[in-house]
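Next comes run-v4.txt, with compact mmCIF, C-alpha atoms.
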```txt
# COMPACT_ATOMS: atom_id res chain seq x y z
CA MET A 281 272.39 -4.23 -47.01
CA ALA A 282 271.27 -7.79 -47.58
CA ARG A 283 272.05 -9.28 -50.98
CA ALA A 284 268.96 -9.85 -53.14
CA ILE A 285 268.15 -13.46 -53.97
CA THR A 286 267.03 -14.12 -57.51
CA THR A 287 263.92 -16.13 -58.40
CA GLN A 288 266.11 -18.77 -60.02
CA ARG A 289 268.14 -19.14 -56.83
CA LYS A 290 264.97 -19.50 -54.74
CA THR A 291 263.66 -22.17 -57.12
CA ILE A 292 266.90 -24.13 -56.94
CA ASN A 293 266.97 -23.92 -53.14
CA THR A 294 263.33 -25.02 -52.93
CA LEU A 295 263.86 -28.00 -55.23
CA PHE A 296 266.99 -29.01 -53.33
CA ALA A 297 265.16 -28.79 -49.99
CA TRP A 298 262.29 -30.92 -51.34
CA ALA A 299 264.75 -33.48 -52.72
CA VAL A 300 266.52 -33.79 -49.36
CA GLY A 301 263.18 -34.00 -47.55
CA LEU A 302 261.92 -36.76 -49.85
CA ILE A 303 265.13 -38.75 -49.42
CA ILE A 304 264.82 -38.53 -45.63
CA PHE A 305 261.10 -39.33 -45.67
CA PHE A 306 261.30 -42.14 -48.27
CA PRO A 307 261.81 -45.03 -45.77
CA ILE A 308 258.64 -44.00 -43.90
CA LEU A 309 256.75 -43.66 -47.20
CA TRP A 310 257.90 -47.13 -48.32
CA ILE A 311 256.86 -48.67 -45.00
CA PHE A 312 253.46 -47.04 -45.44
CA VAL A 313 253.12 -48.57 -48.92
CA LEU A 314 254.19 -52.05 -47.78
CA SER A 315 251.68 -51.95 -44.93
CA PHE A 316 248.86 -52.01 -47.50
CA LYS A 317 250.24 -55.02 -49.37
CA SER A 318 249.97 -58.77 -48.82
CA GLU A 319 253.00 -60.70 -47.62
CA GLY A 320 253.50 -62.15 -51.08
CA ASP A 321 253.40 -58.75 -52.77
CA ALA A 322 255.59 -57.07 -50.15
CA ILE A 323 258.68 -59.06 -51.17
CA LYS A 324 258.38 -58.34 -54.89
CA ALA A 325 260.43 -55.85 -56.89
CA PRO A 326 259.61 -52.19 -56.14
CA PHE A 327 257.64 -51.59 -59.34
CA GLU A 328 255.61 -54.77 -58.82
CA VAL A 329 254.92 -53.72 -55.23
CA LEU A 330 253.48 -50.40 -56.38
CA THR A 331 251.28 -51.98 -59.03
CA SER A 332 249.97 -54.83 -56.85
CA ALA A 333 246.58 -54.75 -55.12
CA TRP A 334 246.14 -52.68 -51.95
CA THR A 335 244.62 -54.34 -48.91
CA LEU A 336 243.96 -53.76 -45.20
CA ASP A 337 244.58 -57.41 -44.30
CA SER A 338 247.90 -56.67 -42.54
CA TYR A 339 246.27 -54.08 -40.27
CA ALA A 340 243.43 -56.45 -39.45
CA THR A 341 245.87 -59.28 -38.67
CA VAL A 342 248.04 -57.05 -36.48
CA GLN A 343 245.03 -55.83 -34.51
CA ASP A 344 243.69 -59.38 -34.06
CA ARG A 345 247.06 -60.76 -32.99
CA SER A 346 248.18 -57.91 -30.72
CA ASP A 347 246.41 -55.52 -28.37
CA TYR A 348 247.50 -52.28 -30.03
CA PHE A 349 245.76 -49.95 -27.60
CA LYS A 350 247.38 -51.62 -24.59
CA HIS A 351 250.84 -50.99 -26.08
CA PHE A 352 249.78 -47.49 -27.12
CA TRP A 353 248.72 -46.48 -23.59
CA ASN A 354 251.89 -48.00 -22.19
CA SER A 355 253.92 -45.81 -24.57
CA VAL A 356 251.89 -42.71 -23.66
CA THR A 357 252.26 -43.37 -19.92
CA ILE A 358 255.98 -44.07 -20.14
CA ALA A 359 256.83 -41.17 -22.47
CA VAL A 360 254.72 -38.53 -20.73
CA GLY A 361 255.46 -39.80 -17.22
CA SER A 362 259.24 -39.88 -17.69
CA THR A 363 259.21 -36.41 -19.27
CA LEU A 364 257.12 -34.79 -16.53
CA LEU A 365 259.21 -36.44 -13.82
CA GLY A 366 262.35 -35.24 -15.57
CA ILE A 367 261.02 -31.68 -15.73
CA LEU A 368 260.26 -31.72 -11.99
CA VAL A 369 263.85 -32.72 -11.27
CA ALA A 370 265.51 -30.61 -13.97
CA VAL A 371 263.85 -27.22 -13.34
CA PRO A 372 265.41 -26.72 -9.85
CA ALA A 373 268.74 -28.13 -11.07
CA ALA A 374 268.85 -25.86 -14.12
CA TRP A 375 267.73 -22.86 -12.02
CA SER A 376 270.56 -23.35 -9.53
CA MET A 377 273.16 -23.81 -12.27
CA ALA A 378 271.93 -20.78 -14.24
CA PHE A 379 271.43 -18.28 -11.39
CA VAL A 380 273.55 -19.60 -8.51
CA PRO A 381 276.55 -21.06 -10.36
CA SER A 382 279.67 -22.35 -8.66
CA LYS A 383 283.11 -23.11 -10.00
CA ARG A 384 282.03 -26.74 -10.44
CA THR A 385 278.86 -25.98 -12.43
CA ARG A 386 280.49 -26.26 -15.83
CA GLY A 387 282.20 -29.51 -14.86
CA ILE A 388 278.93 -30.99 -13.60
CA LEU A 389 277.16 -30.07 -16.84
CA MET A 390 279.90 -31.66 -18.92
CA TRP A 391 279.83 -34.77 -16.73
CA MET A 392 276.07 -35.08 -17.16
CA LEU A 393 276.42 -34.77 -20.92
CA SER A 394 279.23 -37.34 -20.98
CA THR A 395 276.91 -39.95 -19.45
CA LYS A 396 275.00 -39.97 -22.77
CA MET A 397 278.13 -41.43 -24.37
CA LEU A 398 278.10 -44.45 -22.06
CA PRO A 399 276.99 -47.60 -23.94
CA ALA A 400 273.62 -48.63 -22.55
CA VAL A 401 274.58 -52.29 -22.55
CA GLY A 402 277.36 -51.47 -20.08
CA VAL A 403 274.83 -50.78 -17.30
CA LEU A 404 272.10 -53.17 -18.39
CA TYR A 405 273.10 -56.01 -16.06
CA PRO A 406 273.15 -54.04 -12.76
CA ILE A 407 269.92 -52.23 -13.65
CA TYR A 408 268.26 -55.51 -14.63
CA ILE A 409 269.29 -57.17 -11.36
CA GLY A 410 268.18 -54.10 -9.40
CA PHE A 411 264.79 -54.17 -11.10
CA ILE A 412 264.34 -57.83 -10.18
CA LYS A 413 265.21 -57.13 -6.53
CA LEU A 414 262.88 -54.12 -6.36
CA GLY A 415 260.03 -55.73 -8.27
CA LEU A 416 260.18 -53.13 -11.05
CA LEU A 417 260.80 -55.49 -13.96
CA ASP A 418 258.07 -55.28 -16.59
CA THR A 419 256.38 -52.32 -14.87
CA ARG A 420 255.57 -48.90 -16.26
CA ILE A 421 256.92 -47.11 -13.18
CA GLY A 422 260.26 -48.84 -13.68
CA LEU A 423 260.50 -47.67 -17.28
CA VAL A 424 259.40 -44.16 -16.29
CA ILE A 425 262.30 -43.95 -13.84
CA VAL A 426 264.88 -45.38 -16.26
CA LEU A 427 263.88 -43.18 -19.20
CA MET A 428 263.77 -40.12 -16.94
CA LEU A 429 267.34 -40.79 -15.84
CA ILE A 430 268.48 -41.44 -19.41
CA ASN A 431 267.03 -38.18 -20.77
CA LEU A 432 267.70 -36.05 -17.68
CA PRO A 433 271.05 -34.67 -18.96
CA ILE A 434 269.35 -33.39 -22.12
CA ILE A 435 266.48 -31.84 -20.13
CA VAL A 436 268.86 -30.09 -17.75
CA TRP A 437 271.07 -28.81 -20.56
CA MET A 438 268.15 -27.42 -22.54
CA LEU A 439 266.51 -25.74 -19.55
CA TYR A 440 269.89 -24.38 -18.40
CA THR A 441 270.34 -22.78 -21.84
CA TYR A 442 266.91 -21.15 -21.74
CA PHE A 443 267.28 -19.97 -18.14
CA LYS A 444 270.64 -18.37 -18.91
CA GLU A 445 268.91 -16.11 -21.44
CA ILE A 446 266.57 -14.69 -18.81
CA PRO A 447 268.02 -11.47 -17.34
CA GLY A 448 268.96 -11.89 -13.70
CA GLU A 449 267.66 -8.38 -12.97
CA ILE A 450 264.09 -9.65 -13.39
CA LEU A 451 264.58 -12.22 -10.64
CA GLU A 452 266.27 -9.63 -8.43
CA ALA A 453 263.27 -7.33 -8.88
CA ALA A 454 260.96 -10.18 -7.89
CA ARG A 455 263.02 -10.79 -4.74
CA MET A 456 262.84 -7.08 -3.85
CA ASP A 457 259.04 -7.35 -4.15
CA GLY A 458 259.09 -10.10 -1.55
CA ALA A 459 259.01 -13.20 -3.77
CA GLY A 460 260.48 -16.29 -2.15
CA LEU A 461 262.27 -19.09 -3.95
CA ARG A 462 259.02 -20.95 -4.67
CA GLU A 463 257.27 -17.86 -6.09
CA GLU A 464 260.38 -16.94 -8.06
CA VAL A 465 260.51 -20.31 -9.81
CA LEU A 466 256.76 -20.81 -10.28
CA TYR A 467 255.49 -17.30 -11.08
CA VAL A 468 258.48 -15.50 -12.59
CA LEU A 469 260.98 -17.92 -14.09
CA THR A 470 258.65 -20.66 -15.40
CA PRO A 471 256.22 -18.36 -17.33
CA MET A 472 259.13 -16.61 -19.04
CA ALA A 473 260.64 -19.94 -20.09
CA VAL A 474 257.40 -21.47 -21.41
CA PRO A 475 258.66 -21.78 -25.05
CA GLY A 476 261.84 -23.48 -23.86
CA ILE A 477 260.03 -25.78 -21.45
CA ALA A 478 257.48 -26.69 -24.15
CA SER A 479 260.16 -27.57 -26.70
CA THR A 480 262.02 -29.56 -24.04
CA LEU A 481 258.83 -31.48 -23.22
CA LEU A 482 258.14 -32.25 -26.87
CA LEU A 483 261.68 -33.37 -27.64
CA ASN A 484 261.88 -35.66 -24.63
CA VAL A 485 258.46 -37.19 -25.28
CA ILE A 486 259.75 -38.10 -28.75
CA LEU A 487 262.99 -39.53 -27.33
CA ALA A 488 261.13 -41.60 -24.75
CA TRP A 489 258.56 -42.78 -27.31
CA ASN A 490 261.32 -44.00 -29.65
CA GLU A 491 263.46 -45.65 -26.98
CA ALA A 492 263.87 -49.34 -27.88
CA PHE A 493 266.86 -50.76 -25.99
CA TRP A 494 265.52 -50.34 -22.47
CA THR A 495 261.89 -50.99 -23.30
CA LEU A 496 262.75 -54.29 -24.99
CA ASN A 497 265.08 -55.48 -22.23
CA LEU A 498 263.09 -54.40 -19.18
CA THR A 499 259.60 -55.45 -20.27
CA ALA A 500 257.89 -58.69 -21.25
CA ALA A 501 254.13 -58.27 -21.57
CA LYS A 502 252.48 -56.05 -18.94
CA ALA A 503 254.36 -52.80 -19.58
CA ALA A 504 255.47 -53.44 -23.17
CA PRO A 505 255.18 -50.23 -25.25
CA LEU A 506 254.90 -49.87 -29.02
CA THR A 507 258.58 -50.62 -29.58
CA ALA A 508 257.94 -54.13 -28.26
CA PHE A 509 254.76 -54.22 -30.35
CA ILE A 510 256.88 -53.69 -33.49
CA ALA A 511 259.60 -56.15 -32.44
CA SER A 512 257.04 -58.93 -31.99
CA TYR A 513 256.71 -59.14 -35.79
CA SER A 514 260.36 -60.06 -36.23
CA SER A 515 260.68 -63.76 -35.46
CA PRO A 516 263.21 -66.59 -36.03
CA GLU A 517 260.95 -67.82 -38.85
CA GLY A 518 261.63 -64.62 -40.77
CA LEU A 519 260.43 -61.07 -41.25
CA PHE A 520 256.79 -60.55 -42.09
CA TYR A 521 257.31 -57.37 -44.10
CA ALA A 522 253.69 -56.39 -44.61
CA LYS A 523 252.66 -57.02 -41.00
CA LEU A 524 255.88 -55.46 -39.68
CA SER A 525 255.23 -52.38 -41.81
CA ALA A 526 251.62 -52.16 -40.60
CA ALA A 527 252.76 -52.42 -36.97
CA SER A 528 255.42 -49.75 -37.60
CA VAL A 529 252.91 -47.35 -39.16
CA MET A 530 250.52 -47.84 -36.23
CA ALA A 531 253.39 -47.19 -33.79
CA ILE A 532 254.87 -44.08 -35.41
CA ALA A 533 251.60 -42.44 -36.53
CA PRO A 534 250.78 -40.82 -33.13
CA ILE A 535 254.23 -39.28 -32.71
CA LEU A 536 254.30 -38.09 -36.35
CA ILE A 537 250.93 -36.40 -35.92
CA MET A 538 252.04 -34.78 -32.68
CA GLY A 539 255.28 -33.60 -34.30
CA TRP A 540 253.40 -32.18 -37.30
CA PHE A 541 251.03 -30.07 -35.19
CA SER A 542 253.73 -28.93 -32.75
CA GLN A 543 256.56 -28.33 -35.22
CA LYS A 544 256.33 -24.53 -35.00
CA GLN A 545 256.57 -24.59 -31.22
CA LEU A 546 259.42 -27.11 -31.33
CA VAL A 547 261.45 -25.17 -33.90
CA ARG A 548 260.75 -21.87 -32.17
CA GLY A 549 261.94 -23.16 -28.82
CA LEU A 550 265.01 -24.94 -30.16
CA THR A 551 266.06 -22.06 -32.41
CA PHE A 552 265.44 -18.92 -30.43
CA GLY A 553 265.54 -20.00 -26.79
CA ALA A 554 263.40 -18.70 -23.98
CA VAL A 555 263.53 -14.90 -24.30
CA LYS A 556 262.92 -13.03 -27.54
```
With the file now loaded, output its structure as C-alpha cells.
Amino acid sequence: MARAITTQRKTINTLFAWAVGLIIFFPILWIFVLSFKSEGDAIKAPFEVLTSAWTLDSYATVQDRSDYFKHFWNSVTIAVGSTLLGILVAVPAAWSMAFVPSKRTRGILMWMLSTKMLPAVGVLYPIYIGFIKLGLLDTRIGLVIVLMLINLPIIVWMLYTYFKEIPGEILEAARMDGAGLREEVLYVLTPMAVPGIASTLLLNVILAWNEAFWTLNLTAAKAAPLTAFIASYSSPEGLFYAKLSAASVMAIAPILIMGWFSQKQLVRGLTFGAVK
C-alpha cells in the first residue's frame, strides 16, 4: 500500500519545485527584462534596472540593423532539415539493431555514443577545408548535413530504445500476413513508435536550433541562423546588453513557444517510451 502524503508535505514539495524552477528560469527572465531597457539603464544595479523606464527601442534597433526573418528561416530550415534527414537515416539503422542484432550491435551503439565526447574543435579544420572544396561553406545544405551527423547518434539511440520495446511477435505476425520489409517499417513499426519518433524529432530540433559552434564557424552571411544573429551583437567595442538581450529573446522565443506547447508529448515520449 502506498504511503499517504500529507498536505504539508505536498506544500513543501510544491514550493521547492517552484523555487528550483525560478532559479533555472531566472537568467531568461532577466534577459527579457534587459531587452526592454535602454543601454544606459541595462548596466545599472538590478534594482535600478527594474525601476527604470521600459522601452522597445532595442527591438526596433535590432530589427533595423539585422534581417531577423532571414536568420529565423535559416534556423528553421537547418533545424527541421537536419532532423528529418537524421530520421530517414536512423529509422532503418535502429530497426536493424533492434530486430536483427548481431554480436557487434552493442559495440557499434557504444561507439556512436562515444563520438559525442569528441571535442568539436578537433574536427573543425578538416570539415572546414572539405566544405571549401565542395562549395558547402556558408550554405544551408552544408549545415543540414553537419548537424544531422552530429545528432545522429542521439537519434539512433532514442529510436533503438523505443523499437526494443515493441514486441517482436507483432512484426512476425505482419510477415506471416505477407508484409515485406518496406510495409513492416512503414505500416507496422512506425505507427507504433509515433510517440518515440515525435519526442526524438522535438529533442533534435531543439538541439539543432541551439547549436552555436558549427553554425558560427561554417557560416558568414547567407546561411547564418539565429545563433549568428545573437553573436553579431557582441563586438570588440563591448557588449550591448540591451540589444544583445533583445536579439536573444527574439532568437529563443520560437523554440520556447514550441517547447511549451509540445511539453506533454516530449515528456511522454522520453519517460514512457514507445509502447504503453
Counting only C-alpha atoms, which residues in range 306-404 of chain A sit no more than 12 Å from range 447-460 of chain A? For each one, give the nearest pair of atoms and the distance in Å, sorted by chain then residue number, as a Markdown table.
```
| residue | atom | partner | partner_atom | distance |
| --- | --- | --- | --- | --- |
| A:Trp375 | CA | A:Gly448 | CA | 11.2 |
| A:Ala378 | CA | A:Gly448 | CA | 9.4 |
| A:Phe379 | CA | A:Gly448 | CA | 7.2 |
| A:Val380 | CA | A:Gly448 | CA | 10.4 |
```
**Prompt:** Taking all atoms listed in the file into account, which of A:Tyr442, A:Trp353, A:Tyr467, A:Tyr405 comes nearest Pro534 in chain A?
**Reply:**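 Of A:Tyr442, A:Trp353, A:Tyr467, A:Tyr405, the one nearest Pro534 in chain A is A:Trp353, counting all atoms listed in the file.
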Could I get the residues of range 464-506 of chain A with an atom no further than 12 Å from an atom of range 416-433 of chain A, each paired with its nearest atom pair and that distance in Å to one decimal, using all atoms listed in the file, sorted by chain and residue number, as JSON lines?
```
{"residue": "A:Thr480", "atom": "CA", "partner": "A:Asn431", "partner_atom": "CA", "distance": 10.5}
{"residue": "A:Leu481", "atom": "CA", "partner": "A:Asn431", "partner_atom": "CA", "distance": 10.9}
{"residue": "A:Leu483", "atom": "CA", "partner": "A:Asn431", "partner_atom": "CA", "distance": 9.9}
{"residue": "A:Asn484", "atom": "CA", "partner": "A:Asn431", "partner_atom": "CA", "distance": 6.9}
{"residue": "A:Val485", "atom": "CA", "partner": "A:Asn431", "partner_atom": "CA", "distance": 9.7}
{"residue": "A:Ile486", "atom": "CA", "partner": "A:Asn431", "partner_atom": "CA", "distance": 10.8}
{"residue": "A:Leu487", "atom": "CA", "partner": "A:Asn431", "partner_atom": "CA", "distance": 7.8}
{"residue": "A:Ala488", "atom": "CA", "partner": "A:Leu427", "partner_atom": "CA", "distance": 6.4}
{"residue": "A:Trp489", "atom": "CA", "partner": "A:Leu427", "partner_atom": "CA", "distance": 9.7}
{"residue": "A:Asn490", "atom": "CA", "partner": "A:Leu427", "partner_atom": "CA", "distance": 10.8}
{"residue": "A:Glu491", "atom": "CA", "partner": "A:Leu427", "partner_atom": "CA", "distance": 8.2}
{"residue": "A:Ala492", "atom": "CA", "partner": "A:Leu427", "partner_atom": "CA", "distance": 10.6}
{"residue": "A:Phe493", "atom": "CA", "partner": "A:Leu427", "partner_atom": "CA", "distance": 10.6}
{"residue": "A:Trp494", "atom": "CA", "partner": "A:Leu423", "partner_atom": "CA", "distance": 7.7}
{"residue": "A:Thr495", "atom": "CA", "partner": "A:Leu423", "partner_atom": "CA", "distance": 7.0}
{"residue": "A:Leu496", "atom": "CA", "partner": "A:Asp418", "partner_atom": "CA", "distance": 9.7}
{"residue": "A:Asn497", "atom": "CA", "partner": "A:Asp418", "partner_atom": "CA", "distance": 9.0}
{"residue": "A:Leu498", "atom": "CA", "partner": "A:Asp418", "partner_atom": "CA", "distance": 5.7}
{"residue": "A:Thr499", "atom": "CA", "partner": "A:Asp418", "partner_atom": "CA", "distance": 4.0}
{"residue": "A:Ala500", "atom": "CA", "partner": "A:Asp418", "partner_atom": "CA", "distance": 5.8}
{"residue": "A:Ala501", "atom": "CA", "partner": "A:Asp418", "partner_atom": "CA", "distance": 7.0}
{"residue": "A:Lys502", "atom": "CA", "partner": "A:Asp418", "partner_atom": "CA", "distance": 6.1}
{"residue": "A:Ala503", "atom": "CA", "partner": "A:Thr419", "partner_atom": "CA", "distance": 5.1}
{"residue": "A:Ala504", "atom": "CA", "partner": "A:Asp418", "partner_atom": "CA", "distance": 7.3}
{"residue": "A:Pro505", "atom": "CA", "partner": "A:Arg420", "partner_atom": "CA", "distance": 9.1}
```
Distance query 12 Å from (253.7, -47.3, -47.6) using only C-alpha atoms, result as a compact mmCIF listing (two decimals) with C-alpha atoms, in the frame of the given file:
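Final output, saved to point_39.txt:
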```
# COMPACT_ATOMS: atom_id res chain seq x y z
CA PHE A 305 261.10 -39.33 -45.67
CA PHE A 306 261.30 -42.14 -48.27
CA PRO A 307 261.81 -45.03 -45.77
CA ILE A 308 258.64 -44.00 -43.90
CA LEU A 309 256.75 -43.66 -47.20
CA TRP A 310 257.90 -47.13 -48.32
CA ILE A 311 256.86 -48.67 -45.00
CA PHE A 312 253.46 -47.04 -45.44
CA VAL A 313 253.12 -48.57 -48.92
CA LEU A 314 254.19 -52.05 -47.78
CA SER A 315 251.68 -51.95 -44.93
CA PHE A 316 248.86 -52.01 -47.50
CA LYS A 317 250.24 -55.02 -49.37
CA ALA A 322 255.59 -57.07 -50.15
CA PRO A 326 259.61 -52.19 -56.14
CA VAL A 329 254.92 -53.72 -55.23
CA LEU A 330 253.48 -50.40 -56.38
CA TRP A 334 246.14 -52.68 -51.95
CA THR A 335 244.62 -54.34 -48.91
CA LEU A 336 243.96 -53.76 -45.20
CA TYR A 521 257.31 -57.37 -44.10
CA ALA A 522 253.69 -56.39 -44.61
CA LYS A 523 252.66 -57.02 -41.00
CA LEU A 524 255.88 -55.46 -39.68
CA SER A 525 255.23 -52.38 -41.81
CA ALA A 526 251.62 -52.16 -40.60
CA ALA A 527 252.76 -52.42 -36.97
CA SER A 528 255.42 -49.75 -37.60
CA VAL A 529 252.91 -47.35 -39.16
CA MET A 530 250.52 -47.84 -36.23
```
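If you look at CA of Ile532 in chain A and CA of Leu506 in chain A, they are 8.6 Å away from each other.
Across the model, the gap from CA of Thr331 in chain A to CA of Ala533 in chain A is 24.4 Å.
Atom pair CA of Phe509 in chain A / CA of His351 in chain A has a distance of 6.6 Å (rounded to one decimal).
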**Item:** Given only C-alpha atoms as the counted atoms, nearest of A:Ser382, A:Thr507, A:Ile435, A:Arg462 to Leu365 in chain A
**Value:**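 Among A:Ser382, A:Thr507, A:Ile435, A:Arg462, it is A:Ile435 that comes nearest to Leu365 in chain A.
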**Request:** Choose the residue, out of A:Phe352, A:Tyr440, A:Ala478, A:Glu328, that has the smallest atom-to-atom separation from Thr385 in chain A; count only C-alpha atoms.
**Result:**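 Residue with the minimum atom-to-atom distance to Thr385 in chain A: A:Tyr440.
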